[in-house]
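Quick look at run-v5.cif (mmCIF, C-alpha atoms):
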```cif
data_target
loop_
_atom_site.label_atom_id
_atom_site.label_comp_id
_atom_site.auth_asym_id
_atom_site.auth_seq_id
_atom_site.Cartn_x
_atom_site.Cartn_y
_atom_site.Cartn_z
CA MET A 1 -3.24 -4.93 -33.83
CA ARG A 2 -3.58 -1.15 -33.84
CA PRO A 3 -1.00 0.70 -35.93
CA PRO A 4 1.49 2.40 -33.61
CA THR A 5 0.82 6.10 -33.16
CA PHE A 6 3.48 8.79 -33.11
CA HIS A 7 3.20 9.05 -29.32
CA ARG A 8 3.42 5.31 -28.78
CA VAL A 9 6.56 5.02 -30.87
CA LEU A 10 8.16 7.90 -28.97
CA SER A 11 7.10 6.46 -25.60
CA SER A 12 8.61 3.12 -26.49
CA LEU A 13 11.83 4.80 -27.62
CA ALA A 14 11.98 6.76 -24.37
CA ALA A 15 11.32 3.62 -22.33
CA LEU A 16 14.09 1.81 -24.20
CA GLY A 17 16.39 4.77 -23.63
CA LEU A 18 15.64 4.77 -19.90
CA LEU A 19 16.22 1.04 -19.63
CA ALA A 20 19.48 1.39 -21.56
CA LEU A 21 20.57 4.17 -19.19
CA ALA A 22 19.70 2.02 -16.18
CA GLY A 23 21.71 -0.80 -17.74
CA LEU A 24 24.54 1.60 -18.49
CA SER A 25 24.64 2.85 -14.92
CA ILE A 26 24.82 -0.72 -13.64
CA ALA A 27 27.47 -1.65 -16.21
CA LEU A 28 29.49 1.40 -15.21
CA ALA A 29 29.51 0.23 -11.61
CA PHE A 30 32.17 -2.20 -12.71
CA PRO A 31 35.63 -0.62 -12.87
CA ALA A 32 36.16 2.52 -14.87
CA THR A 33 34.69 2.44 -18.31
CA HIS A 34 34.12 6.18 -18.15
CA PRO A 35 35.76 7.10 -21.55
CA TRP A 36 32.96 5.13 -23.18
CA LEU A 37 30.70 8.08 -22.38
CA ASN A 38 32.41 10.16 -25.06
CA THR A 39 31.67 7.74 -27.88
CA LEU A 40 29.03 7.81 -30.61
CA PRO A 41 26.66 5.19 -29.06
CA ALA A 42 26.59 7.13 -25.81
CA ASN A 43 25.78 10.32 -27.67
CA LEU A 44 23.03 8.62 -29.66
CA LEU A 45 21.63 7.31 -26.38
CA LEU A 46 21.76 10.81 -24.89
CA TRP A 47 19.93 12.41 -27.83
CA GLY A 48 17.40 9.57 -27.96
CA LEU A 49 16.73 10.01 -24.26
CA LEU A 50 16.43 13.77 -24.54
CA LEU A 51 14.05 13.70 -27.51
CA GLY A 52 12.01 10.92 -25.88
CA LEU A 53 11.70 12.90 -22.65
CA ALA A 54 10.78 16.06 -24.52
CA ALA A 55 8.06 14.13 -26.39
CA LEU A 56 6.75 12.64 -23.14
CA THR A 57 6.65 16.09 -21.54
CA LEU A 58 4.75 17.49 -24.51
CA GLN A 59 2.35 14.55 -24.50
CA ALA A 60 1.70 14.96 -20.77
CA LEU A 61 1.11 18.69 -21.20
CA LEU A 62 -1.40 18.05 -24.01
CA LYS A 63 -3.22 15.53 -21.82
CA ARG A 64 -3.06 17.95 -18.85
CA ARG A 65 -1.16 15.45 -16.72
CA TRP A 66 0.85 18.05 -14.85
CA THR A 67 2.80 15.74 -12.53
CA SER A 68 3.98 13.65 -15.44
CA ALA A 69 4.87 16.78 -17.43
CA LEU A 70 6.90 18.18 -14.51
CA PHE A 71 8.65 14.85 -13.95
CA HIS A 72 9.70 14.26 -17.57
CA GLY A 73 10.48 17.95 -18.12
CA GLY A 74 12.68 18.05 -15.02
CA PHE A 75 14.47 14.92 -16.14
CA ALA A 76 15.03 16.48 -19.57
CA LEU A 77 16.55 19.58 -17.91
CA VAL A 78 19.00 17.36 -16.00
CA ILE A 79 20.03 15.67 -19.26
CA VAL A 80 20.46 19.07 -20.99
CA GLY A 81 22.64 20.25 -18.09
CA GLY A 82 24.66 17.04 -18.24
CA ALA A 83 25.26 17.54 -21.95
CA ILE A 84 26.36 21.16 -21.39
CA THR A 85 28.74 20.00 -18.65
CA ALA A 86 30.11 17.21 -20.84
CA GLY A 87 30.70 19.66 -23.67
CA TYR A 88 31.78 22.89 -21.99
CA ALA A 89 32.95 22.37 -18.40
CA GLU A 90 36.63 23.08 -17.73
CA THR A 91 38.55 21.58 -14.81
CA ARG A 92 42.14 22.21 -13.82
CA ASP A 93 44.16 21.23 -10.76
CA ILE A 94 46.76 23.66 -9.43
CA GLY A 95 49.33 23.24 -6.68
CA LEU A 96 50.59 26.26 -4.71
CA VAL A 97 53.53 26.04 -2.31
CA ASP A 98 53.32 27.72 1.11
CA SER A 99 56.91 28.77 1.73
CA PRO A 100 58.56 32.21 2.12
CA ILE A 101 61.59 31.11 0.10
CA ALA A 102 59.81 29.37 -2.79
CA PRO A 103 60.10 31.12 -6.18
CA PRO A 104 56.92 33.13 -7.01
CA GLU A 105 55.87 30.84 -9.88
CA LEU A 106 55.37 28.00 -7.38
CA CYS A 107 53.08 30.18 -5.22
CA GLN A 108 51.00 31.75 -7.99
CA ALA A 109 48.58 30.59 -10.64
CA ASP A 110 46.47 32.13 -13.34
CA ILE A 111 42.76 31.73 -12.63
CA GLY A 112 40.36 33.25 -15.16
CA GLY A 113 42.94 35.83 -16.32
CA GLU A 114 43.93 36.87 -12.78
CA THR A 115 47.19 36.04 -11.06
CA VAL A 116 46.22 34.50 -7.74
CA SER A 117 48.83 33.96 -5.06
CA LEU A 118 48.79 31.80 -1.95
CA GLU A 119 49.07 33.77 1.29
CA ARG A 120 48.94 30.86 3.69
CA PHE A 121 47.90 27.22 3.92
CA ALA A 122 46.84 25.82 7.30
CA ILE A 123 45.75 22.44 8.60
CA GLU A 124 43.60 22.17 11.69
CA THR A 125 43.75 18.74 13.39
CA TYR A 126 41.47 17.11 15.94
CA PRO A 127 42.76 17.61 19.51
CA GLY A 128 45.20 14.86 20.49
CA SER A 129 45.21 13.38 17.00
CA ALA A 130 46.89 13.77 13.62
CA MET A 131 43.56 13.50 11.83
CA PRO A 132 42.80 16.69 9.85
CA LYS A 133 39.62 18.45 10.90
CA GLN A 134 39.80 21.08 8.19
CA TYR A 135 42.38 22.59 5.87
CA ARG A 136 42.24 25.96 4.20
CA SER A 137 44.11 28.20 1.79
CA ARG A 138 44.14 31.99 1.93
CA LEU A 139 44.37 33.41 -1.57
CA ARG A 140 45.28 36.97 -2.61
CA PHE A 141 43.74 38.40 -5.76
CA PRO A 142 45.15 41.26 -7.93
CA ASP A 143 42.53 43.72 -6.65
CA GLY A 144 43.92 43.21 -3.13
CA ALA A 145 41.07 40.96 -1.95
CA VAL A 146 42.12 38.09 0.32
CA ARG A 147 39.68 35.18 0.35
CA GLU A 148 39.75 31.80 2.01
CA VAL A 149 38.89 28.44 0.50
CA SER A 150 38.44 25.25 2.55
CA VAL A 151 36.95 21.77 2.14
CA ASN A 152 33.18 22.07 1.61
CA ARG A 153 33.53 25.86 1.27
CA PRO A 154 34.54 26.59 -2.31
CA LEU A 155 35.22 30.11 -3.53
CA ARG A 156 33.25 31.51 -6.46
CA ARG A 157 34.69 34.36 -8.51
CA ASN A 158 34.21 35.53 -12.12
CA GLY A 159 32.38 32.36 -13.13
CA PHE A 160 35.14 30.12 -11.77
CA THR A 161 34.87 28.00 -8.65
CA ILE A 162 37.98 27.21 -6.62
CA TYR A 163 37.86 24.06 -4.47
CA GLN A 164 40.21 22.97 -1.69
CA MET A 165 40.88 19.38 -2.75
CA SER A 166 43.94 18.09 -0.88
CA TYR A 167 47.54 18.91 0.01
CA THR A 168 51.01 17.39 -0.15
CA ARG A 169 53.89 17.67 2.28
CA GLY A 170 57.56 18.13 1.45
CA TRP A 171 60.80 19.76 2.58
CA ASP A 172 62.67 22.84 1.41
CA PRO A 173 66.48 22.76 0.82
CA TYR A 174 67.05 23.70 4.49
CA GLY A 175 65.03 20.79 5.80
CA ASN A 176 61.95 22.79 6.80
CA GLU A 177 58.56 21.18 6.35
CA VAL A 178 56.65 22.75 3.45
CA PHE A 179 53.05 22.23 2.35
CA GLN A 180 51.64 22.45 -1.13
CA THR A 181 47.90 23.06 -1.35
CA ILE A 182 46.05 21.33 -4.17
CA LEU A 183 43.15 23.34 -5.56
CA THR A 184 40.73 22.48 -8.33
CA VAL A 185 39.56 25.32 -10.54
CA ARG A 186 36.34 24.62 -12.39
CA ARG A 187 33.89 26.37 -14.64
CA ASP A 188 30.70 24.41 -15.26
CA PRO A 189 27.93 26.18 -17.17
CA GLY A 190 25.77 23.01 -17.06
CA ALA A 191 25.39 22.77 -13.26
CA ARG A 192 22.62 25.40 -12.99
CA TRP A 193 20.52 23.50 -15.55
CA VAL A 194 20.99 20.26 -13.68
CA PHE A 195 20.05 21.85 -10.36
CA ALA A 196 16.99 23.51 -11.92
CA GLY A 197 16.05 20.04 -13.19
CA TYR A 198 16.45 18.63 -9.66
CA GLY A 199 14.08 21.31 -8.37
CA VAL A 200 11.46 20.43 -10.96
CA LEU A 201 11.90 16.67 -10.30
CA ALA A 202 11.56 17.22 -6.56
CA ALA A 203 8.37 19.25 -7.11
CA ALA A 204 6.98 16.52 -9.38
CA THR A 205 7.66 13.69 -6.93
CA LEU A 206 6.28 15.76 -4.04
CA LEU A 207 3.11 16.44 -6.02
CA ALA A 208 2.80 12.73 -6.85
CA ALA A 209 3.24 11.80 -3.18
CA ILE A 210 0.62 14.31 -2.03
CA ARG A 211 -1.79 12.80 -4.56
CA GLY A 212 -1.19 9.34 -3.10
CA GLY A 213 1.07 8.08 -5.88
CA ARG A 214 -1.81 7.64 -8.31
CA PRO A 215 -0.91 7.99 -11.99
CA MET B 1 28.57 -6.05 18.68
CA THR B 2 28.37 -4.64 22.17
CA LEU B 3 25.72 -3.88 24.74
CA LYS B 4 25.57 -0.16 25.52
CA THR B 5 25.10 0.24 29.26
CA ASP B 6 24.81 4.00 29.76
CA LEU B 7 21.49 5.87 29.88
CA LEU B 8 21.40 6.43 26.10
CA GLY B 9 22.35 2.78 25.57
CA TRP B 10 19.46 1.50 27.72
CA LEU B 11 17.01 3.79 25.92
CA LEU B 12 18.21 2.33 22.61
CA ASN B 13 18.00 -1.23 23.94
CA ALA B 14 14.44 -0.45 25.05
CA GLU B 15 13.61 0.88 21.56
CA ALA B 16 14.88 -2.36 19.97
CA ALA B 17 12.96 -4.49 22.49
CA LEU B 18 9.73 -2.50 22.06
CA ALA B 19 9.94 -2.69 18.27
CA LEU B 20 10.61 -6.44 18.42
CA CYS B 21 7.62 -6.97 20.73
CA GLY B 22 5.52 -4.72 18.50
CA ALA B 23 6.37 -6.93 15.55
CA ALA B 24 5.88 -10.21 17.44
CA LEU B 25 2.69 -9.49 19.42
CA PRO B 26 -0.67 -9.29 17.66
CA ARG B 27 -3.25 -6.49 17.67
CA LYS B 28 -3.55 -3.89 20.38
CA ALA B 29 -0.73 -5.00 22.64
CA GLY B 30 1.70 -4.99 19.70
CA ARG B 31 0.58 -1.57 18.45
CA LEU B 32 0.79 -0.09 21.94
CA LEU B 33 4.34 -1.38 22.46
CA TRP B 34 5.41 -0.17 19.00
CA PHE B 35 4.01 3.32 19.58
CA ALA B 36 5.78 3.39 22.96
CA VAL B 37 8.95 3.69 20.84
CA LEU B 38 8.00 7.36 20.19
CA PRO B 39 8.53 8.73 23.73
CA VAL B 40 11.54 6.45 24.33
CA ALA B 41 13.16 7.59 21.07
CA ALA B 42 12.37 11.22 21.89
CA ALA B 43 14.11 10.73 25.24
CA ALA B 44 17.11 9.11 23.52
CA ILE B 45 17.41 12.03 21.07
CA GLY B 46 17.11 14.47 23.98
CA VAL B 47 19.83 12.69 26.00
CA ARG B 48 22.15 12.66 22.99
CA TRP B 49 21.39 16.32 22.20
CA VAL B 50 22.32 17.40 25.75
CA ALA B 51 25.42 15.18 25.78
CA VAL B 52 26.94 16.48 22.52
CA GLY B 53 25.61 20.04 22.77
CA HIS B 54 24.29 20.26 19.20
CA PRO B 55 21.41 18.67 17.27
CA PRO B 56 22.38 14.99 16.98
CA MET B 57 22.67 14.91 13.20
CA ARG B 58 26.35 14.73 12.48
CA ASN B 59 27.16 11.08 11.83
CA LEU B 60 25.58 7.78 10.86
CA PHE B 61 24.72 6.81 14.46
CA GLU B 62 22.97 10.13 15.03
CA ALA B 63 21.13 9.95 11.69
CA PHE B 64 19.85 6.47 12.61
CA LEU B 65 18.68 7.82 15.97
CA TRP B 66 15.82 9.59 14.12
CA LEU B 67 14.64 6.57 12.13
CA PRO B 68 12.61 4.52 14.68
CA PRO B 69 10.49 7.54 15.74
CA VAL B 70 10.06 8.58 12.08
CA LEU B 71 8.81 5.07 11.29
CA ALA B 72 6.52 5.03 14.34
CA ALA B 73 5.11 8.42 13.32
CA ILE B 74 4.51 7.16 9.77
CA SER B 75 2.80 4.15 11.29
CA LEU B 76 0.56 6.39 13.40
CA ALA B 77 -0.32 8.63 10.46
CA SER B 78 -0.81 5.81 7.95
CA ARG B 79 -4.24 4.52 7.01
CA ALA B 80 -2.80 1.07 6.21
CA ASN B 81 -3.18 -1.54 8.92
CA ALA B 82 0.55 -2.18 9.00
CA GLY B 83 1.69 -1.71 12.59
CA ARG B 84 3.51 -5.04 12.75
CA ILE B 85 5.32 -4.48 9.45
CA ASP B 86 6.40 -1.01 10.63
CA ALA B 87 7.51 -2.43 13.97
CA ALA B 88 9.60 -5.09 12.18
CA LEU B 89 11.27 -2.34 10.13
CA GLY B 90 11.70 -0.32 13.32
CA PHE B 91 13.51 -3.27 14.87
CA LEU B 92 15.75 -3.55 11.79
CA VAL B 93 16.95 0.03 12.29
CA ALA B 94 16.93 0.00 16.11
CA PHE B 95 19.10 -3.13 16.23
CA PRO B 96 22.26 -1.64 14.66
CA LEU B 97 21.62 1.54 16.66
CA ALA B 98 21.63 -0.38 19.93
CA PHE B 99 24.19 -3.08 19.24
CA VAL B 100 26.34 -2.34 16.16
CA PHE B 101 27.09 1.39 15.78
CA SER B 102 29.49 3.06 18.13
CA ALA B 103 27.96 6.00 20.01
CA LYS B 104 31.39 7.62 20.27
CA GLU B 105 31.53 10.98 18.58
CA GLY B 106 33.84 10.18 15.69
CA MET B 107 36.31 12.46 13.99
CA LEU B 108 34.61 13.40 10.74
CA PRO B 109 36.95 13.97 7.81
CA PRO B 110 36.67 17.49 6.35
CA ALA B 111 34.69 16.26 3.33
CA LEU B 112 31.83 15.11 5.57
CA GLN B 113 31.55 18.36 7.52
CA SER B 114 28.71 19.95 5.64
CA PRO B 115 25.18 21.06 6.48
CA LEU B 116 24.10 18.78 3.62
CA PHE B 117 25.43 15.63 5.34
CA VAL B 118 22.37 14.98 7.50
CA PRO B 119 19.62 15.83 4.97
CA HIS B 120 21.41 13.63 2.40
CA VAL B 121 21.88 10.63 4.69
CA LEU B 122 18.66 10.96 6.68
CA GLY B 123 16.69 11.48 3.45
CA TYR B 124 18.12 8.24 2.08
CA MET B 125 17.50 6.32 5.31
CA ALA B 126 13.87 7.44 5.50
CA ALA B 127 13.40 6.79 1.76
CA TYR B 128 14.83 3.27 2.08
CA ALA B 129 12.61 2.55 5.10
CA LEU B 130 9.50 3.75 3.22
CA LEU B 131 10.39 1.80 0.07
CA ALA B 132 11.06 -1.40 2.04
CA ARG B 133 7.72 -0.80 3.77
CA ALA B 134 6.05 -0.45 0.37
CA PHE B 135 7.39 -3.85 -0.71
CA LEU B 136 6.23 -5.53 2.51
CA LEU B 137 2.79 -3.89 2.27
CA GLU B 138 2.45 -5.04 -1.35
CA CYS B 139 3.41 -8.60 -0.31
CA PHE B 140 0.63 -8.56 2.31
CA GLY B 141 -1.95 -7.31 -0.20
CA GLU B 142 -2.14 -3.70 1.05
CA GLY B 143 -1.81 -2.21 -2.43
CA GLU B 144 -3.09 1.28 -1.59
CA GLY B 145 -0.76 1.67 1.41
CA ALA B 146 2.14 0.32 -0.66
CA ARG B 147 1.57 2.95 -3.33
CA ARG B 148 1.40 5.83 -0.85
CA SER B 149 4.52 4.57 0.92
CA ALA B 150 6.39 4.15 -2.37
CA ALA B 151 5.34 7.64 -3.54
CA TRP B 152 6.72 9.32 -0.39
CA GLY B 153 9.78 7.07 -0.51
CA PHE B 154 10.45 8.02 -4.14
CA CYS B 155 10.04 11.71 -3.31
CA LEU B 156 12.64 11.42 -0.53
CA LEU B 157 14.87 9.28 -2.78
CA THR B 158 14.81 12.05 -5.41
CA LEU B 159 15.51 14.77 -2.82
CA ALA B 160 18.36 12.80 -1.23
CA LEU B 161 19.95 12.04 -4.61
CA ALA B 162 19.68 15.71 -5.62
CA LEU B 163 21.08 16.93 -2.29
CA GLY B 164 23.97 14.45 -2.59
CA SER B 165 24.69 15.73 -6.07
CA ILE B 166 24.58 19.38 -4.96
CA TRP B 167 26.87 18.50 -2.05
CA GLY B 168 29.25 16.71 -4.45
CA ASN B 169 29.39 19.92 -6.47
CA GLU B 170 30.39 21.82 -3.30
CA VAL B 171 33.00 19.40 -2.00
CA TRP B 172 34.38 17.40 -4.95
CA GLY B 173 33.92 20.03 -7.62
CA ALA B 174 31.44 18.07 -9.74
CA TYR B 175 27.80 17.16 -9.31
CA TRP B 176 28.19 13.72 -10.81
CA GLN B 177 31.31 11.54 -11.05
CA TRP B 178 30.07 8.01 -11.85
CA ASP B 179 31.20 6.82 -8.44
CA PRO B 180 29.95 3.23 -7.90
CA LYS B 181 27.52 4.29 -5.20
CA GLU B 182 26.21 7.12 -7.35
CA GLN B 183 25.56 4.69 -10.19
CA TRP B 184 23.79 2.16 -7.99
CA SER B 185 21.69 4.89 -6.43
CA LEU B 186 20.75 6.06 -9.92
CA ALA B 187 19.88 2.50 -10.95
CA THR B 188 17.71 2.22 -7.81
CA TRP B 189 15.99 5.48 -8.72
CA PHE B 190 15.26 4.15 -12.22
CA VAL B 191 13.69 0.98 -10.81
CA TYR B 192 11.27 3.04 -8.70
CA ALA B 193 10.61 5.41 -11.61
CA ALA B 194 9.63 2.30 -13.60
CA PHE B 195 7.34 1.26 -10.72
CA PHE B 196 5.25 4.40 -11.21
CA HIS B 197 4.92 3.57 -14.91
CA LYS B 198 3.73 0.01 -14.27
CA GLN B 199 1.28 0.51 -11.41
CA GLU B 200 -1.76 -1.13 -12.94
CA SER B 201 -0.38 -4.65 -12.78
CA ARG B 202 0.19 -6.36 -9.43
CA PRO B 203 2.94 -8.75 -10.70
CA TRP B 204 4.88 -5.74 -12.05
CA ARG B 205 4.42 -3.87 -8.76
CA LEU B 206 5.76 -6.83 -6.80
CA VAL B 207 8.69 -7.40 -9.19
CA LEU B 208 9.72 -3.73 -9.31
CA LEU B 209 9.35 -3.11 -5.56
CA GLY B 210 11.34 -6.31 -4.92
CA LEU B 211 13.99 -5.36 -7.47
CA GLY B 212 14.21 -1.90 -5.93
CA LEU B 213 14.69 -3.36 -2.47
CA ALA B 214 17.43 -5.66 -3.82
CA ALA B 215 19.14 -2.62 -5.38
CA ILE B 216 18.86 -0.75 -2.06
CA LEU B 217 20.36 -3.66 -0.12
CA LEU B 218 23.20 -3.91 -2.67
CA THR B 219 23.81 -0.16 -2.51
CA VAL B 220 24.01 0.06 1.27
CA THR B 221 25.93 -3.16 1.89
CA TRP B 222 27.99 -4.63 -0.90
CA ILE B 223 28.86 -1.43 -2.77
CA ASN B 224 29.73 0.30 0.48
CA LEU B 225 31.70 -2.41 2.17
CA SER B 226 33.28 -4.42 -0.62
CA ARG B 227 36.75 -3.65 -1.89
CA LEU B 228 35.51 -4.44 -5.39
CA PHE B 229 34.12 -0.92 -5.71
CA PRO B 230 36.57 1.59 -4.33
CA GLY B 231 34.92 4.97 -4.58
CA MET B 232 34.41 8.32 -3.00
CA HIS B 233 31.61 6.98 -0.82
CA SER B 234 33.91 4.53 1.01
CA TYR B 235 33.16 5.63 4.55
CA ALA B 236 32.50 2.12 5.89
CA GLY B 237 34.55 2.75 9.01
CA LEU B 238 32.47 5.67 10.24
#
```
Take the structure in this file and express it as structure tokens.
Amino acid sequence: MRPPTFHRVLSSLAALGLLALAGLSIALAFPATHPWLNTLPANLLLWGLLLGLAALTLQALLKRRWTSALFHGGFALVIVGGAITAGYAETRDIGLVDSPIAPPELCQADIGGETVSLERFAIETYPGSAMPKQYRSRLRFPDGAVREVSVNRPLRRNGFTIYQMSYTRGWDPYGNEVFQTILTVRRDPGARWVFAGYGVLAAATLLAAIRGGRP
Amino acid sequence: MTLKTDLLGWLLNAEAALALCGAALPRKAGRLLWFAVLPVAAAAIGVRWVAVGHPPMRNLFEAFLWLPPVLAAISLASRANAGRIDAALGFLVAFPLAFVFSAKEGMLPPALQSPLFVPHVLGYMAAYALLARAFLLECFGEGEGARRSAAWGFCLLTLALALGSIWGNEVWGAYWQWDPKEQWSLATWFVYAAFFHKQESRPWRLVLLGLGLAAILLTVTWINLSRLFPGMHSYAGL
């Protein structure tokens, strides 16, 4: 038997890492075991996977196998982005009440050092139905700008993204119907890395397909 | 299951019948009937387009509308002698189109109203069709055709997964949330990634393409429809 080379050991480690991740993703399909992702074994797996992918990319580059290099490099970028997200992303839910008589603190929130206030929340329903077609919040910023956020149309400002997530319904002391809009405020420095990785992966698979899927 | 009896319905019934005949009849007659799906499907898409007044790409029924002609076009362009296999797949997608899905324009919840809805879903549908085709081709000894089919299928699978993730980042505020369907789609992607690492051996090709198909079937049926996996992709009623 040939003694294992540096590359072969790394390839085997990467293959094991990939299989473990596949197993993990299947295991996770059973009800929420999400907190497990923050533990030491998961981190070891992540670093093993990342180093393995980096080694595979390097190996492919040295052998001038460009498709393979793009594929493993793109995958590594996605993992880097995922790690940045896991470590540095911030998420916060805020609820703002749409009522002229509500105290200001219920209609305002601090987003990235700015006091943002709700101007209006509106629900559009399908004709002849109570089913919501779209719902949107108009937000006023300290510089006087009024911007709208709705489902599928988040608002990006100063590195923060504001999402229209849902709403709740209630009544004020006089019996009037009042809505509270639920917004998610998020800052995720890892997303751009992940999306760059997707681009590279897509290019790699397209290249592989054009070349007939040959290795 | 219902029989659709308007113009669009009869065009869809014809598509299903043509694909079934294409799969059942040998040689030229079968190929001719299967390729006849192209003009019929084009007519069906046209009728739907005029009826709803926008490109028919807004829900599952409309996404499926594009699959039989896509398959027939792949069949025409492909060098593999696989007309009957393609026709059988065409029947598998034309059947729910004609008899299971409702053609009624549904009320889409706000989360599904995105320009990324159709590329995401249609990309997956076409990828699944190509990957199922790859397995069937491999079973019938058409290794070269299977590899080409799998390569295009994997490319679309990657694009559709990425688009779904980008869409998730726009609508749910995160590009990945370990939703059951996301995890099963990722597991499926890994199986096909493994396929491209084990191409030299026919037993491995068969096992991995079969495993991938099993993962696809699980992802689109059980994970979607079962109450065991409540998740953000639970749109079974649409």
Inset, instruction - Find the distance between CA of Leu211 (chain B) and CA of Pro41 (chain A) and write it in Å to one decimal. - result: 27.2 Å
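With all atoms listed in the file taken into account, chain A has Ala22, Ser25, Ile26, Ala29, Pro132, Lys133, Gln134, Val151, Asn152, Arg153, Pro154, Tyr163, Tyr198, Ala202, Thr205, Leu206, Ala208, Ala209, Gly212 and Gly213 of chain A at most 7 Å from chain B.
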Evaluate the PyMOL selection byres ((chain A and resi 51-62) around 6) against this structure - the residues, as a compact mmCIF listing (two decimals) with C-alpha atoms, in the coordinates of the input, please.
```
# COMPACT_ATOMS: atom_id res chain seq x y z
CA LEU A 10 8.16 7.90 -28.97
CA ALA A 14 11.98 6.76 -24.37
CA GLY A 48 17.40 9.57 -27.96
CA LEU A 49 16.73 10.01 -24.26
CA LEU A 50 16.43 13.77 -24.54
CA LYS A 63 -3.22 15.53 -21.82
CA ARG A 64 -3.06 17.95 -18.85
CA ARG A 65 -1.16 15.45 -16.72
CA SER A 68 3.98 13.65 -15.44
CA ALA A 69 4.87 16.78 -17.43
CA HIS A 72 9.70 14.26 -17.57
CA GLY A 73 10.48 17.95 -18.12
CA ALA A 76 15.03 16.48 -19.57
```
List as a PDB file with C-alpha atoms, keeping the file's coordinate frame the protein and nucleic acid residues near Gly144 (chain A), meaning an atom at most 12 Å away when only C-alpha atoms are counted, but skip any in the same chain fewer than 4 places from it.
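Below is the file that was written, part.pdb:
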```pdb
ATOM      1  CA  GLU A 114      43.930  36.870 -12.780  1.00  0.00           C
ATOM      2  CA  THR A 115      47.190  36.040 -11.060  1.00  0.00           C
ATOM      3  CA  VAL A 116      46.220  34.500  -7.740  1.00  0.00           C
ATOM      4  CA  SER A 117      48.830  33.960  -5.060  1.00  0.00           C
ATOM      5  CA  GLU A 119      49.070  33.770   1.290  1.00  0.00           C
ATOM      6  CA  LEU A 139      44.370  33.410  -1.570  1.00  0.00           C
ATOM      7  CA  ARG A 140      45.280  36.970  -2.610  1.00  0.00           C
TER       8      ARG A 140
END
```
Legend entry - Selection dump of the PyMOL selection byres ((chain B and resi 62-72) around 6), as a ChimeraX atom specification: /B:38,41,56-57,59-61,73-75,90,122
